[in-house]
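To start, the structure under review is shown below, and the notes come after it.
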Amino acid sequence: METMISKKDIFIGLIIGLLGAFIGTFFAFQFFTKQGFIEGFRIMRQAGMIGKVITLGSVPNLILFFILLKKNKDLMARGIILAMFILVIITLFL
């Protein structure tokens, strides 16, 4: 029973981390480009700046990580770290 709860908490943290990064990246595109999200993504990718924008968009995950640690949700915080590793791998291929 204990492992099922931990897997669920890590998965929830993973989803929170991916959503936090997506929302942060969306807002970064809204602030730094005059085009929409898709067009801004294309322009930033052509300029070679997509990794920087995704990194900037991942800043909310740092805040979420410390909030979860403060609330003693260590396994969810691990899920956010896992989401960050996944984002690093995705950024390397973009």
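Here's how to read the names in the structure tokens: chain A, B, ... by the order shown, residue numbers from 1 in each chain, ligand numbers from 1 in the order shown.
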Shell around stretch 71-87 of chain A at 8 Å using only C-alpha atoms, local window under 5 positions removed, as a PyMOL selection string: chain A and resi 6+9-18+58+61+64-66
So how many Å separate atom CA of A:Val88 and atom CA of A:Lys70, to one decimal? 25.1 Å
In Å, how far is it from atom CA of A:Leu68 to atom CA of A:Gly24? 17.8 Å
Using only C-alpha atoms: which of A:Ile50, A:Leu62, A:Ile89, A:Ile67 has the shortest distance to A:Phe29: A:Ile50
To one decimal place in Å, what is the distance between atom CA of A:Thr91 and atom CA of A:Ile54?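 Computed distance, atom CA of A:Thr91 to atom CA of A:Ile54, equals 7.6 Å.
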